[in-house]
$ cat upload_29.cif   # mmCIF, C-alpha atoms and all ligand atoms
data_input
loop_
_atom_site.label_atom_id
_atom_site.label_comp_id
_atom_site.auth_asym_id
_atom_site.auth_seq_id
_atom_site.Cartn_x
_atom_site.Cartn_y
_atom_site.Cartn_z
CA MET L 10 4.69 23.95 -4.86
CA MET L 11 7.25 22.64 -7.34
CA LEU L 12 10.29 20.83 -5.97
CA GLN L 13 13.65 21.70 -7.48
CA SER L 14 15.55 18.44 -7.04
CA ALA L 15 15.44 14.78 -6.06
CA ALA L 16 17.37 15.70 -2.90
CA GLU L 17 14.65 18.16 -1.87
CA ALA L 18 11.96 15.51 -2.41
CA ALA L 19 13.95 12.97 -0.39
CA ASP L 20 14.30 15.45 2.49
CA ILE L 21 10.51 15.89 2.63
CA LEU L 22 10.01 12.11 2.70
CA LYS L 23 12.71 11.55 5.33
CA SER L 24 11.05 14.09 7.62
CA GLY L 25 7.72 12.25 7.42
CA GLY L 26 6.09 14.20 4.58
CA ILE L 27 4.57 13.18 1.26
CA CYS L 28 5.20 14.52 -2.25
CA ALA L 29 4.31 13.65 -5.84
CA LEU L 30 7.02 12.05 -7.98
CA PRO L 31 7.31 11.16 -11.66
CA THR L 32 7.62 7.51 -12.64
CA GLU L 33 7.62 5.93 -16.09
CA THR L 34 4.03 4.76 -15.54
CA VAL L 35 2.11 7.66 -13.90
CA TYR L 36 2.87 10.28 -11.21
CA GLY L 37 2.89 8.74 -7.75
CA LEU L 38 2.03 10.22 -4.35
CA ALA L 39 5.05 9.08 -2.36
CA ALA L 40 5.96 8.39 1.28
CA LEU L 41 8.60 6.30 3.02
CA ALA L 42 7.09 2.79 3.01
CA SER L 43 8.15 2.34 6.64
CA ASP L 44 6.37 5.47 7.92
CA GLY L 45 2.83 4.44 8.90
CA GLU L 46 1.59 7.98 9.55
CA ALA L 47 2.93 9.25 6.23
CA VAL L 48 1.23 6.27 4.51
CA ALA L 49 -2.00 7.24 6.32
CA ARG L 50 -1.58 10.77 4.97
CA ILE L 51 -1.48 9.33 1.42
CA TYR L 52 -4.85 7.59 1.88
CA GLU L 53 -6.22 10.75 3.48
CA THR L 54 -4.98 12.98 0.62
CA LYS L 55 -6.37 10.63 -2.02
CA GLY L 56 -9.67 10.55 -0.13
CA ARG L 57 -10.02 6.79 -0.48
CA PRO L 58 -12.96 5.36 1.46
CA SER L 59 -11.01 2.11 2.05
CA PHE L 60 -7.42 0.91 2.38
CA ASN L 61 -5.82 -0.99 -0.49
CA PRO L 62 -2.30 -2.40 -0.48
CA LEU L 63 0.32 -0.17 -2.09
CA ILE L 64 3.27 -0.99 -4.32
CA VAL L 65 6.70 -0.75 -2.67
CA HIS L 66 9.19 0.98 -4.98
CA CYS L 67 12.82 -0.08 -4.53
CA ALA L 68 16.15 1.21 -5.83
CA ASN L 69 17.43 -2.18 -6.93
CA LEU L 70 17.10 -5.94 -6.59
CA GLU L 71 19.03 -6.02 -3.34
CA GLN L 72 16.63 -3.57 -1.67
CA ALA L 73 13.66 -5.49 -3.07
CA GLY L 74 15.13 -8.56 -1.35
CA GLN L 75 14.77 -6.78 2.01
CA VAL L 76 11.06 -6.29 1.32
CA VAL L 77 9.98 -9.66 -0.11
CA LYS L 78 11.34 -13.20 -0.33
CA LEU L 79 12.70 -13.28 -3.88
CA ASP L 80 12.63 -16.79 -5.31
CA HIS L 81 14.20 -18.11 -8.51
CA CYS L 82 11.18 -17.26 -10.66
CA ALA L 83 10.97 -13.69 -9.30
CA THR L 84 14.68 -13.14 -9.84
CA ARG L 85 14.34 -14.20 -13.48
CA GLN L 86 11.40 -11.84 -14.05
CA ALA L 87 13.29 -9.04 -12.32
CA ALA L 88 16.34 -9.61 -14.51
CA ALA L 89 14.14 -9.31 -17.60
CA PHE L 90 11.96 -6.33 -16.65
CA TRP L 91 13.61 -4.26 -13.89
CA PRO L 92 14.05 -1.40 -13.81
CA GLY L 93 10.61 -1.11 -15.37
CA ALA L 94 6.84 -1.33 -15.13
CA LEU L 95 6.50 -4.86 -13.76
CA THR L 96 5.18 -5.24 -10.19
CA ILE L 97 5.66 -8.61 -8.49
CA VAL L 98 3.62 -9.79 -5.47
CA LEU L 99 5.56 -12.13 -3.18
CA GLU L 100 5.59 -13.32 0.42
CA ALA L 101 6.82 -10.46 2.65
CA GLN L 102 10.20 -10.65 4.38
CA ASP L 103 10.08 -11.34 8.10
CA ALA L 104 10.72 -7.74 9.14
CA PRO L 105 10.31 -5.66 5.97
CA PRO L 106 10.90 -1.87 6.10
CA VAL L 107 7.20 -1.42 5.30
CA ALA L 108 4.38 -0.21 7.59
CA SER L 109 1.53 -2.71 8.03
CA LEU L 110 -0.89 -0.07 6.70
CA ALA L 111 0.96 -0.03 3.34
CA ALA L 112 0.22 -3.74 2.95
CA ALA L 113 -3.36 -3.20 4.23
CA GLY L 114 -2.72 -6.10 6.57
CA LEU L 115 -1.71 -8.65 3.92
CA ALA L 116 1.16 -11.12 4.42
CA THR L 117 2.34 -10.49 0.86
CA LEU L 118 3.87 -7.34 -0.60
CA ALA L 119 3.97 -5.91 -4.12
CA VAL L 120 7.40 -4.62 -5.24
CA ARG L 121 8.94 -3.04 -8.27
CA VAL L 122 12.13 -1.21 -9.28
CA PRO L 123 11.03 1.83 -11.33
CA ALA L 124 13.00 3.08 -14.32
CA HIS L 125 12.38 6.84 -14.18
CA PRO L 126 15.75 8.48 -13.35
CA LEU L 127 14.21 11.06 -10.97
CA MET L 128 12.19 8.43 -9.08
CA ARG L 129 15.32 6.30 -8.77
CA ALA L 130 17.32 9.29 -7.55
CA VAL L 131 14.73 10.03 -4.85
CA ILE L 132 14.65 6.41 -3.60
CA GLU L 133 18.43 6.40 -3.46
CA ALA L 134 18.61 9.75 -1.66
CA ALA L 135 15.91 8.63 0.80
CA GLY L 136 17.87 5.42 1.38
CA ALA L 137 14.69 3.37 1.78
CA PRO L 138 11.79 1.99 -0.28
CA LEU L 139 8.83 4.26 -1.08
CA VAL L 140 5.14 3.63 -1.63
CA ALA L 141 3.69 5.72 -4.45
CA PRO L 142 0.09 5.07 -5.55
CA SER L 143 -1.17 7.26 -8.38
CA ALA L 144 -1.21 10.96 -7.42
CA ASN L 145 -4.93 11.57 -7.96
CA ARG L 146 -8.01 11.84 -5.79
CA SER L 147 -9.92 8.60 -5.42
CA GLY L 148 -12.00 7.75 -8.48
CA ARG L 149 -10.23 10.16 -10.82
CA LEU L 150 -7.81 9.59 -13.69
CA SER L 151 -4.15 8.92 -13.01
CA PRO L 152 -1.96 12.00 -13.62
CA THR L 153 0.73 11.78 -16.28
CA THR L 154 2.12 15.33 -15.98
CA ALA L 155 3.08 17.56 -13.05
CA ALA L 156 0.28 19.94 -14.09
CA HIS L 157 -2.27 17.13 -13.68
CA VAL L 158 -1.05 16.58 -10.12
CA GLU L 159 -1.39 20.30 -9.36
CA GLU L 160 -4.97 20.18 -10.66
CA GLU L 161 -5.78 17.23 -8.38
CA PHE L 162 -4.53 18.70 -5.13
CA GLY L 163 -4.69 22.42 -5.80
CA GLY L 164 -1.04 22.93 -4.94
CA SER L 165 -1.29 21.39 -1.45
CA VAL L 166 1.10 18.56 -2.40
CA PRO L 167 4.70 19.37 -3.45
CA VAL L 168 5.49 18.00 -6.92
CA LEU L 169 8.77 17.03 -8.57
CA ASP L 170 8.37 17.69 -12.31
CA GLY L 171 9.88 14.94 -14.46
CA GLY L 172 8.03 15.74 -17.66
CA PRO L 173 5.23 13.63 -19.15
CA CYS L 174 5.22 9.94 -18.15
CA GLU L 175 6.54 7.65 -20.83
CA ALA L 176 4.07 4.77 -20.37
CA GLY L 177 1.09 6.78 -19.11
CA ILE L 178 -0.56 3.66 -17.69
CA GLU L 179 0.02 1.72 -14.48
CA SER L 180 2.49 -1.14 -14.03
CA THR L 181 1.53 -4.72 -14.83
CA ILE L 182 1.03 -6.69 -11.59
CA ILE L 183 1.75 -10.42 -11.35
CA SER L 184 1.57 -12.57 -8.25
CA LEU L 185 4.26 -15.18 -7.66
CA ALA L 186 2.90 -15.82 -4.16
CA LYS L 187 0.18 -18.15 -5.42
CA SER L 188 0.61 -21.76 -6.52
CA ARG L 189 0.59 -20.55 -10.16
CA PRO L 190 1.95 -17.25 -11.48
CA THR L 191 -1.12 -15.03 -11.86
CA LEU L 192 -1.85 -11.80 -13.73
CA LEU L 193 -3.48 -9.45 -11.17
CA ARG L 194 -3.56 -6.27 -13.27
CA PRO L 195 -2.77 -5.76 -16.95
CA GLY L 196 -0.54 -2.74 -17.46
CA ALA L 197 2.42 -1.18 -19.21
CA ILE L 198 4.26 -4.47 -19.83
CA ALA L 199 2.44 -6.93 -22.09
CA ALA L 200 1.42 -10.17 -20.40
CA ARG L 201 2.73 -12.14 -23.38
CA ASP L 202 6.24 -10.77 -22.82
CA ILE L 203 6.12 -11.99 -19.21
CA GLU L 204 4.71 -15.34 -20.33
CA ALA L 205 7.55 -15.70 -22.86
CA ARG L 206 10.05 -15.49 -19.95
CA LEU L 207 7.94 -17.77 -17.75
CA GLY L 208 7.57 -20.41 -20.45
CA HIS L 209 3.82 -20.80 -19.79
CA PRO L 210 0.66 -18.68 -19.62
CA LEU L 211 -0.19 -16.56 -16.57
CA ALA L 212 -3.27 -17.70 -14.68
CA ALA L 213 -6.26 -15.36 -14.37
CA PRO L 214 -7.08 -14.35 -10.78
CA SER L 215 -9.56 -16.79 -9.26
CA GLY L 216 -13.04 -15.36 -8.95
CA GLY L 217 -12.32 -12.62 -11.49
CA ILE L 218 -10.44 -9.42 -10.79
CA GLU L 219 -10.77 -8.42 -7.19
CA ALA L 220 -11.45 -4.77 -6.66
CA PRO L 221 -8.76 -3.11 -4.58
CA GLY L 222 -9.59 -3.19 -0.91
CA MET L 223 -12.09 -6.00 -1.35
CA MET L 224 -9.56 -8.76 -1.69
CA THR L 225 -10.69 -11.96 -0.05
CA SER L 226 -7.07 -12.56 0.95
CA HIS L 227 -7.22 -9.53 3.24
CA TYR L 228 -6.28 -10.14 6.81
CA ALA L 229 -9.15 -10.87 9.13
CA PRO L 230 -8.55 -11.62 12.82
CA ASN L 231 -9.44 -15.05 14.18
CA ALA L 232 -10.95 -13.42 17.23
CA HIS L 233 -14.60 -12.35 17.31
CA LEU L 234 -14.79 -8.58 16.81
CA ARG L 235 -17.49 -6.31 18.31
CA LEU L 236 -17.56 -2.74 16.96
CA ASN L 237 -18.67 0.59 18.47
CA ALA L 238 -18.10 -0.78 21.95
CA GLU L 239 -18.04 1.74 24.81
CA GLN L 240 -16.34 -0.78 27.09
CA ALA L 241 -15.16 -4.39 27.20
CA GLU L 242 -17.58 -7.06 28.37
CA GLY L 243 -16.80 -10.55 29.69
CA ASP L 244 -13.34 -11.62 28.56
CA GLU L 245 -13.18 -9.09 25.70
CA LEU L 246 -10.05 -7.04 25.13
CA LEU L 247 -10.81 -3.40 24.32
CA LEU L 248 -9.08 -1.78 21.35
CA GLY L 249 -9.56 1.85 22.32
CA PHE L 250 -9.58 5.18 20.53
CA GLY L 251 -8.89 8.61 21.95
CA GLY L 252 -7.94 7.39 25.43
CA SER L 253 -10.73 4.86 26.15
CA PRO L 254 -10.56 3.83 29.84
CA GLY L 255 -9.61 0.20 30.37
CA ALA L 256 -8.31 -0.34 26.83
CA ALA L 257 -5.80 -3.16 26.25
CA MET L 258 -4.36 -1.05 23.42
CA ASP L 259 -5.36 2.35 22.06
CA LEU L 260 -5.34 3.13 18.32
CA ALA L 261 -4.68 6.80 19.04
CA PRO L 262 -4.71 8.03 22.66
CA ASP L 263 -4.92 11.64 21.42
CA GLY L 264 -7.68 10.86 18.92
CA ASP L 265 -5.53 11.44 15.81
CA LEU L 266 -7.06 9.45 12.94
CA ARG L 267 -3.76 9.33 11.05
CA ALA L 268 -2.12 7.56 14.00
CA ALA L 269 -5.15 5.27 14.32
CA ALA L 270 -4.85 4.24 10.66
CA ALA L 271 -1.12 3.64 11.05
CA ASN L 272 -1.73 1.40 14.11
CA LEU L 273 -4.86 -0.42 12.91
CA PHE L 274 -3.44 -3.61 11.37
CA SER L 275 -0.53 -4.10 13.77
CA MET L 276 -2.72 -3.63 16.89
CA LEU L 277 -5.44 -5.96 15.59
CA ARG L 278 -2.77 -8.56 14.90
CA GLU L 279 -1.22 -8.11 18.33
CA LEU L 280 -4.56 -8.46 20.18
CA ASP L 281 -5.47 -11.42 17.98
CA THR L 282 -2.54 -13.40 19.43
CA LYS L 283 -4.27 -13.43 22.86
CA SER L 284 -7.13 -15.73 21.81
CA GLN L 285 -9.79 -13.51 23.40
CA PRO L 286 -12.69 -11.67 21.72
CA ILE L 287 -11.95 -8.06 20.78
CA ALA L 288 -14.19 -5.05 21.35
CA VAL L 289 -13.37 -1.92 19.33
CA ALA L 290 -14.23 1.58 20.53
CA PRO L 291 -16.25 3.86 18.20
CA ILE L 292 -14.13 5.58 15.54
CA PRO L 293 -15.34 8.95 14.17
CA HIS L 294 -16.56 8.49 10.61
CA ASP L 295 -14.92 11.55 9.05
CA GLY L 296 -11.73 11.70 6.98
CA LEU L 297 -9.60 8.58 7.45
CA GLY L 298 -12.21 7.28 9.90
CA GLN L 299 -14.29 6.14 6.94
CA ALA L 300 -11.53 3.83 5.68
CA ILE L 301 -10.79 2.59 9.21
CA ASN L 302 -14.47 1.76 9.77
CA ASP L 303 -14.67 0.08 6.35
CA ARG L 304 -11.79 -2.23 7.29
CA LEU L 305 -13.18 -2.93 10.77
CA THR L 306 -16.61 -3.75 9.35
CA ARG L 307 -15.05 -6.26 6.96
CA ALA L 308 -12.97 -7.78 9.74
CA ALA L 309 -16.06 -8.14 11.95
CA ALA L 310 -18.24 -9.66 9.20
CA PRO L 311 -19.12 -13.35 9.57
CA ARG L 312 -16.83 -15.54 7.47
CA GLY L 313 -18.13 -18.16 5.11
P1 LIG V 1 -0.79 1.37 -6.85
O1 LIG V 1 -2.03 2.16 -6.52
O2 LIG V 1 -0.20 1.67 -8.19
O3 LIG V 1 0.23 1.43 -5.71
O4 LIG V 1 -1.25 -0.13 -7.00
C1 LIG V 1 -1.78 -0.77 -5.93
C2 LIG V 1 -2.45 -2.02 -6.39
O5 LIG V 1 -1.52 -3.10 -6.33
C3 LIG V 1 -3.55 -2.44 -5.44
O6 LIG V 1 -4.75 -1.83 -5.74
C4 LIG V 1 -3.60 -3.94 -5.63
O7 LIG V 1 -4.44 -4.22 -6.74
C5 LIG V 1 -2.18 -4.30 -5.99
N1 LIG V 1 -1.45 -4.88 -4.86
C6 LIG V 1 -0.59 -4.26 -4.04
N2 LIG V 1 -0.14 -5.10 -3.10
C7 LIG V 1 -0.72 -6.28 -3.33
C8 LIG V 1 -0.66 -7.56 -2.69
N3 LIG V 1 0.12 -7.76 -1.63
N4 LIG V 1 -1.42 -8.55 -3.19
C9 LIG V 1 -2.19 -8.34 -4.28
N5 LIG V 1 -2.30 -7.17 -4.92
C10 LIG V 1 -1.57 -6.15 -4.46
MG MG V 2 -4.71 4.81 -9.13
#

$ encode --input "upload_29.cif" --output "structure tokens" --more "lines below"
Ligand code: AMP
Ligand code: MG
Amino acid sequence: MMLQSAAEAADILKSGGICALPTETVYGLAALASDGEAVARIYETKGRPSFNPLIVHCANLEQAGQVVKLDHCATRQAAAFWPGALTIVLEAQDAPPVASLAAAGLATLAVRVPAHPLMRAVIEAAGAPLVAPSANRSGRLSPTTAAHVEEEFGGSVPVLDGGPCEAGIESTIISLAKSRPTLLRPGAIAARDIEARLGHPLAAPSGGIEAPGMMTSHYAPNAHLRLNAEQAEGDELLLGFGGSPGAAMDLAPDGDLRAAAANLFSMLRELDTKSQPIAVAPIPHDGLGQAINDRLTRAAAPRG
């Protein structure tokens, strides 16, 4: 289904839906950043076997300032490259309008102000930041035309046609949340142009480029985690699924995997404040359950 206007796209997003939007880099599969279940639907539609943090697209610098703590260095980079294909990772604001699933549990957020006039019009009409990872199935090429998006999803995702993408490759990602400005992903803006504004070279990520979803900086609870638990034992708190009896919290009382994904990081964090071991009920391994189990397995793994 082809959308006729930015207003129509914004209406879909505001009512909890997802749609594909043109940007100057590649077509993105968009949702309101604050809507955890819509964000879950993005991962589900892309068929990703794990959660990776998504870029938060803002209308302007002021809105970006509601998402992350903009420091002097970030403001200078933003002045030079926004609107445009530079993504900046910074410490998240205290209560950002972003679901914890969109950050995949990280305490930092990636933001950018896109340049494509239609993308900007949709963010403005929605009145809130959007997440918009590339509108392709996991493991496939990023789409740079509306026809590519149609091929990916067989018409099941509404698309706003903005013509071919100008850059055709993803945004450049830098982190200003680390002790030294770091290049996380090369992209549409040349690193040397960023370095010219910085006045010094960007650092390479420590330990090489981390594959999305495998980042060592990912949130892991302090509490000991026991998976596939039918019930709590000893002083364990049970994180239930589908109405588990005796659960301290339930990821999805009605067994909806999209709700479970949306609740995963915030509930783990909440239970982790109680300083008791956590037992997690079995999660079905189909659809989004695969990504939920991937994240839980990492969180339960012994730490070195
Ligand atoms: P995209 O699929 O275009 O939304 O790009 C998402 C990519 O941005 C992820 O795969 C990460 O590599 C990177 N990213 C997003 N948020 C963060 C973050 N908080 N810290 C580090 N990298 C991030
Ligand atoms: Mg992609």

$ closest_residue --input "upload_29.cif" --among "L:His66, L:Arg201, L:Arg194, L:Arg235" --to "ligand MG 2 (chain V)" --atoms "all atoms listed in the file"
L:Arg194

$ residues_near_ligand --input "upload_29.cif" --ligand "ligand MG 2 (chain V)" --cutoff "9 Å" --atoms "all atoms listed in the file" --output "ChimeraX atom specification"
/L:35,37,142-152,179

$ closest_atom_pairs --input "upload_29.cif" --of "chain L" --to "ligand LIG 1 (chain V)" --cutoff "8 Å" --atoms "only C-alpha atoms and all ligand atoms" --output "tab-separated table"
residue	atom	partner	partner_atom	distance
L:Gly37	CA	V:LIG1	O2	7.7
L:Asn61	CA	V:LIG1	O6	5.4
L:Pro62	CA	V:LIG1	N2	4.3
L:Leu63	CA	V:LIG1	O3	4.0
L:Ile64	CA	V:LIG1	O3	4.1
L:Val65	CA	V:LIG1	O3	7.5
L:Val98	CA	V:LIG1	C8	5.6
L:Leu99	CA	V:LIG1	N3	7.1
L:Ala112	CA	V:LIG1	N3	6.1
L:Leu115	CA	V:LIG1	N3	5.9
L:Ala116	CA	V:LIG1	N3	7.0
L:Thr117	CA	V:LIG1	N3	4.3
L:Leu118	CA	V:LIG1	N3	3.9
L:Ala119	CA	V:LIG1	N2	4.3
L:Val120	CA	V:LIG1	N2	7.9
L:Val140	CA	V:LIG1	O3	6.8
L:Ala141	CA	V:LIG1	O3	5.7
L:Pro142	CA	V:LIG1	O3	3.6
L:Ser143	CA	V:LIG1	O1	5.5
L:Glu179	CA	V:LIG1	O2	6.3
L:Ser180	CA	V:LIG1	O2	7.0
L:Ile182	CA	V:LIG1	O5	6.9
L:Ser184	CA	V:LIG1	C9	6.9
L:Leu193	CA	V:LIG1	N5	6.8
L:Arg194	CA	V:LIG1	O7	6.9
L:Glu219	CA	V:LIG1	O7	7.6
L:Ala220	CA	V:LIG1	O7	7.0
L:Pro221	CA	V:LIG1	O6	4.4
L:Gly222	CA	V:LIG1	O6	7.0
L:Met224	CA	V:LIG1	C9	7.8

$ atom_distance --input "upload_29.cif" --atom1 "CA of Thr181 (chain L)" --atom2 "CA of Thr96 (chain L)"
5.9 Å

$ residues_around --input "upload_29.cif" --residues "Asn302 (chain L)" --least-positions-apart "2" --cutoff "10 Å" --atoms "only C-alpha atoms" --output "list in words"
Pro58, Ser59, Leu236, Asn237, Ala270, Pro291, Ile292, Pro293, His294, Asp295, Leu297, Gly298, Gln299, Ala300, Arg304, Leu305, Thr306, Arg307 and Ala308 of chain L

$ residues_around --input "upload_29.cif" --residues "Ala229 (chain L)" --least-positions-apart "2" --cutoff "9 Å" --atoms "only C-alpha atoms" --output "list in words"
Gly114, Ser226, His227, Asn231, Ala232, Leu277, Arg278, Arg307, Ala308 and Ala309 of chain L

$ closest_residue --input "upload_29.cif" --among "L:Ala268, L:Gly74, L:Ala88, L:Cys82" --to "Asp103 (chain L)" --atoms "all atoms listed in the file"
L:Gly74

$ atom_distance --input "upload_29.cif" --atom1 "CA of Leu234 (chain L)" --atom2 "CA of Pro105 (chain L)"
27.5 Å

$ atom_distance --input "upload_29.cif" --atom1 "CA of Leu95 (chain L)" --atom2 "CA of Glu204 (chain L)"
12.5 Å

$ closest_residue --input "upload_29.cif" --among "L:Val166, L:Leu127, L:Ala49, L:Ala83" --to "Ile21 (chain L)" --atoms "only C-alpha atoms"
L:Val166

$ residues_near_point --input "upload_29.cif" --point "(-12.7, -16.9, 28.7)" --cutoff "12 Å" --atoms "all atoms listed in the file" --output "list in words"
Glu242, Gly243, Asp244, Glu245, Leu246, Lys283, Ser284, Gln285, Pro286 and Ile287 of chain L

$ closest_residue --input "upload_29.cif" --among "L:Ala113, L:Met10, L:Ile27, L:Ala213" --to "Ala47 (chain L)" --atoms "all atoms listed in the file"
L:Ile27

$ closest_residue --input "upload_29.cif" --among "L:Arg267, L:Gln13, L:Ala94, L:Val168" --to "Ala200 (chain L)" --atoms "only C-alpha atoms"
L:Ala94

$ closest_residue --input "upload_29.cif" --among "L:Leu30, L:Glu161, L:Pro210, L:Gly171" --to "Ile183 (chain L)" --atoms "only C-alpha atoms"
L:Pro210
